[in-house]
Amino acid sequence: MSEAHEQINTALTAYCRGVDRLDADSLRSAFHDDAALEGYGPSDRTVDEFIEMAMTGLARAYTATQHRISNITIEVTDDKARVESYVMADHFATEPRRIDTFKGRYVDDFACREGQWRMVRRRLLRDWSEVTEIGDEMAGVYADSQRDRQDPIYSGL
């Protein structure tokens, strides 16, 4: 795998971790500072606007989220890349207990600047979405994920 592919994959997963763990630094690391995001509201958003919206909106509306990407296609030309990723995002709400599921694609433009491959434009495209009411949780005793630096992923090795 080329350096470009490795850095692009790292940026894609940093985005998912950032959104799901409400980690603004991880989220920001996926983008160049002047990046724009399309499809997250009626008009394009800057990276800072998107991060503010995601950190406050997701924390307020949901107790957990999971963003999963697959079918990643990376096409590199010189210092630019077009990347398509399928996304399935589950958003768990407690009042009422439901899962809001989004299924679609990210179409991303990446650029390599000063040796760093990061997004300069993200387009969110919806294929479909659904809301599912949920009942009782499955039996068992589990450790809950955390949506901050208390999550085990941030503890040292």
# chains A, B, ... in the order shown; residues from 1 in each chain; ligands from 1

call {"tool": "residues_around", "arguments": {"residues": "range 23-33 of chain A", "least_positions_apart": "2", "cutoff": "7 Å", "atoms": "only C-alpha atoms", "output": "ChimeraX atom specification"}}
result
/A:11-12,14-15,17-19,21,35,47,51,118-120,148

call {"tool": "select_by_dssp", "arguments": {"residues": "chain A", "states": "strand (DSSP E)", "output": "JSON, numbers by chain"}}
result
{"A": [31, 32, 33, 34, 35, 36, 37, 38, 45, 46, 64, 65, 66, 67, 68, 69, 70, 71, 72, 73, 74, 75, 76, 77, 80, 81, 82, 83, 84, 85, 86, 87, 88, 89, 90, 91, 92, 93, 94, 97, 98, 99, 100, 101, 102, 103, 104, 105, 106, 107, 108, 109, 110, 111, 112, 113, 116, 117, 118, 119, 120, 121, 122, 123, 124, 125, 126, 127, 128, 129, 130, 131, 132, 133]}

call {"tool": "residues_around", "arguments": {"residues": "Ala4 in chain A", "least_positions_apart": "5", "cutoff": "10 Å", "atoms": "only C-alpha atoms", "output": "ChimeraX atom specification"}}
result
/A:9-10,74-76,79-81,110-112,115-118

call {"tool": "write_last_selection", "arguments": {"atoms": "N, CA and C atoms", "output": "CSV table (one decimal), in the first residue's frame"}}
result
chain,number,residue,atom,x,y,z
A,9,ASN,N,-6.4,6.4,4.5
A,9,ASN,CA,-7.2,5.5,5.3
A,9,ASN,C,-7.1,5.9,6.8
A,10,THR,N,-6.0,6.4,7.2
A,10,THR,CA,-5.8,7.0,8.6
A,10,THR,C,-6.8,8.1,8.8
A,74,ILE,N,-9.8,4.5,-3.6
A,74,ILE,CA,-8.9,5.6,-3.6
A,74,ILE,C,-8.3,5.8,-5.0
A,75,GLU,N,-8.5,6.9,-5.6
A,75,GLU,CA,-7.9,7.2,-6.9
A,75,GLU,C,-6.9,8.4,-6.8
A,76,VAL,N,-5.6,8.1,-6.8
A,76,VAL,CA,-4.6,9.2,-6.6
A,76,VAL,C,-4.1,9.6,-8.0
A,79,ASP,N,-0.8,15.0,-6.6
A,79,ASP,CA,-0.9,15.3,-5.2
A,79,ASP,C,-2.4,15.5,-4.8
A,80,LYS,N,-3.3,14.9,-5.6
A,80,LYS,CA,-4.7,14.9,-5.3
A,80,LYS,C,-5.3,13.5,-5.3
A,81,ALA,N,-6.4,13.3,-4.6
A,81,ALA,CA,-7.1,12.0,-4.7
A,81,ALA,C,-8.6,12.2,-4.5
A,110,PHE,N,-9.1,14.7,-1.5
A,110,PHE,CA,-7.9,14.8,-0.7
A,110,PHE,C,-6.8,15.5,-1.4
A,111,ALA,N,-6.0,16.2,-0.7
A,111,ALA,CA,-4.8,16.8,-1.2
A,111,ALA,C,-3.6,16.5,-0.3
A,112,CYS,N,-2.4,16.4,-0.9
A,112,CYS,CA,-1.2,16.3,-0.2
A,112,CYS,C,-0.5,17.6,-0.1
A,115,GLY,N,3.5,17.0,2.6
A,115,GLY,CA,3.6,15.6,2.9
A,115,GLY,C,2.4,15.0,3.7
A,116,GLN,N,1.3,15.7,3.9
A,116,GLN,CA,0.2,15.3,4.6
A,116,GLN,C,-1.0,15.2,3.7
A,117,TRP,N,-1.6,13.9,3.6
A,117,TRP,CA,-2.8,13.7,2.9
A,117,TRP,C,-4.0,13.9,3.8
A,118,ARG,N,-4.8,14.9,3.5
A,118,ARG,CA,-6.0,15.2,4.3
A,118,ARG,C,-7.1,15.7,3.4

call {"tool": "closest_residue", "arguments": {"among": "A:Ala61, A:Ala143, A:Met1, A:Leu125", "to": "Thr94 in chain A", "atoms": "only C-alpha atoms"}}
result
A:Ala61

call {"tool": "select_by_dssp", "arguments": {"residues": "chain A", "states": "helix (DSSP H, G or I)", "output": "PyMOL selection string"}}
result
chain A and resi 3-20+24-28+47-61+152-154

call {"tool": "residues_around", "arguments": {"residues": "Tyr62 in chain A", "least_positions_apart": "3", "cutoff": "12 Å", "atoms": "only C-alpha atoms", "output": "ChimeraX atom specification"}}
result
/A:19-22,54-59,65-66,90-100,147

call {"tool": "atom_distance", "arguments": {"atom1": "CA of Val107 in chain A", "atom2": "CA of Arg121 in chain A"}}
result
8.3 Å

call {"tool": "atom_distance", "arguments": {"atom1": "CA of Thr132 in chain A", "atom2": "CA of Asp108 in chain A"}}
result
28.9 Å

call {"tool": "closest_residue", "arguments": {"among": "A:Asp127, A:Gln146, A:Arg60, A:Glu114", "to": "Met88 in chain A", "atoms": "only C-alpha atoms"}}
result
A:Asp127

call {"tool": "closest_residue", "arguments": {"among": "A:Asp48, A:Asp109, A:Glu84, A:Asp151", "to": "Arg122 in chain A", "atoms": "only C-alpha atoms"}}
result
A:Asp109

call {"tool": "atom_distance", "arguments": {"atom1": "CA of Thr63 in chain A", "atom2": "CA of Ser43 in chain A"}}
result
26.5 Å

call {"tool": "residues_around", "arguments": {"residues": "Glu49 in chain A", "least_positions_apart": "4", "cutoff": "10 Å", "atoms": "only C-alpha atoms", "output": "list in words"}}
result
Ala36, Leu37, Asp44, Arg45, Met53 and Ala54 of chain A

call {"tool": "closest_residue", "arguments": {"among": "A:Ile69, A:Ile8, A:Val131, A:Met138", "to": "Gly104 in chain A", "atoms": "only C-alpha atoms"}}
result
A:Ile69

call {"tool": "decode", "arguments": {"residues": "range 52-64 of chain A", "atoms": "N, CA and C atoms", "output": "PDB file, in the first residue's frame"}}
result
ATOM      1  N   GLU A  52     -17.878  22.070  15.484  1.00  0.00           N
ATOM      2  CA  GLU A  52     -18.748  22.648  16.521  1.00  0.00           C
ATOM      3  C   GLU A  52     -20.132  22.000  16.474  1.00  0.00           C
ATOM      4  N   MET A  53     -20.695  21.865  15.261  1.00  0.00           N
ATOM      5  CA  MET A  53     -22.005  21.244  15.107  1.00  0.00           C
ATOM      6  C   MET A  53     -21.974  19.792  15.578  1.00  0.00           C
ATOM      7  N   ALA A  54     -20.969  19.043  15.171  1.00  0.00           N
ATOM      8  CA  ALA A  54     -20.893  17.624  15.513  1.00  0.00           C
ATOM      9  C   ALA A  54     -20.702  17.426  17.016  1.00  0.00           C
ATOM     10  N   MET A  55     -19.794  18.156  17.622  1.00  0.00           N
ATOM     11  CA  MET A  55     -19.496  17.958  19.039  1.00  0.00           C
ATOM     12  C   MET A  55     -20.704  18.298  19.903  1.00  0.00           C
ATOM     13  N   THR A  56     -21.375  19.385  19.616  1.00  0.00           N
ATOM     14  CA  THR A  56     -22.516  19.775  20.452  1.00  0.00           C
ATOM     15  C   THR A  56     -23.781  19.015  20.076  1.00  0.00           C
ATOM     16  N   GLY A  57     -24.055  18.904  18.788  1.00  0.00           N
ATOM     17  CA  GLY A  57     -25.288  18.266  18.343  1.00  0.00           C
ATOM     18  C   GLY A  57     -25.344  16.784  18.656  1.00  0.00           C
ATOM     19  N   LEU A  58     -24.260  16.062  18.386  1.00  0.00           N
ATOM     20  CA  LEU A  58     -24.252  14.626  18.663  1.00  0.00           C
ATOM     21  C   LEU A  58     -24.281  14.334  20.156  1.00  0.00           C
ATOM     22  N   ALA A  59     -23.577  15.136  20.939  1.00  0.00           N
ATOM     23  CA  ALA A  59     -23.579  14.937  22.403  1.00  0.00           C
ATOM     24  C   ALA A  59     -24.966  15.186  22.980  1.00  0.00           C
ATOM     25  N   ARG A  60     -25.653  16.174  22.457  1.00  0.00           N
ATOM     26  CA  ARG A  60     -26.977  16.516  22.967  1.00  0.00           C
ATOM     27  C   ARG A  60     -28.037  15.486  22.541  1.00  0.00           C
ATOM     28  N   ALA A  61     -27.982  15.013  21.312  1.00  0.00           N
ATOM     29  CA  ALA A  61     -29.060  14.186  20.764  1.00  0.00           C
ATOM     30  C   ALA A  61     -28.894  12.689  21.005  1.00  0.00           C
ATOM     31  N   TYR A  62     -27.638  12.218  21.165  1.00  0.00           N
ATOM     32  CA  TYR A  62     -27.395  10.775  21.196  1.00  0.00           C
ATOM     33  C   TYR A  62     -26.458  10.390  22.337  1.00  0.00           C
ATOM     34  N   THR A  63     -26.678   9.187  22.868  1.00  0.00           N
ATOM     35  CA  THR A  63     -25.782   8.688  23.909  1.00  0.00           C
ATOM     36  C   THR A  63     -24.635   7.879  23.321  1.00  0.00           C
ATOM     37  N   ALA A  64     -24.754   7.470  22.058  1.00  0.00           N
ATOM     38  CA  ALA A  64     -23.676   6.750  21.380  1.00  0.00           C
ATOM     39  C   ALA A  64     -23.891   6.842  19.877  1.00  0.00           C
TER      40      ALA A  64
END
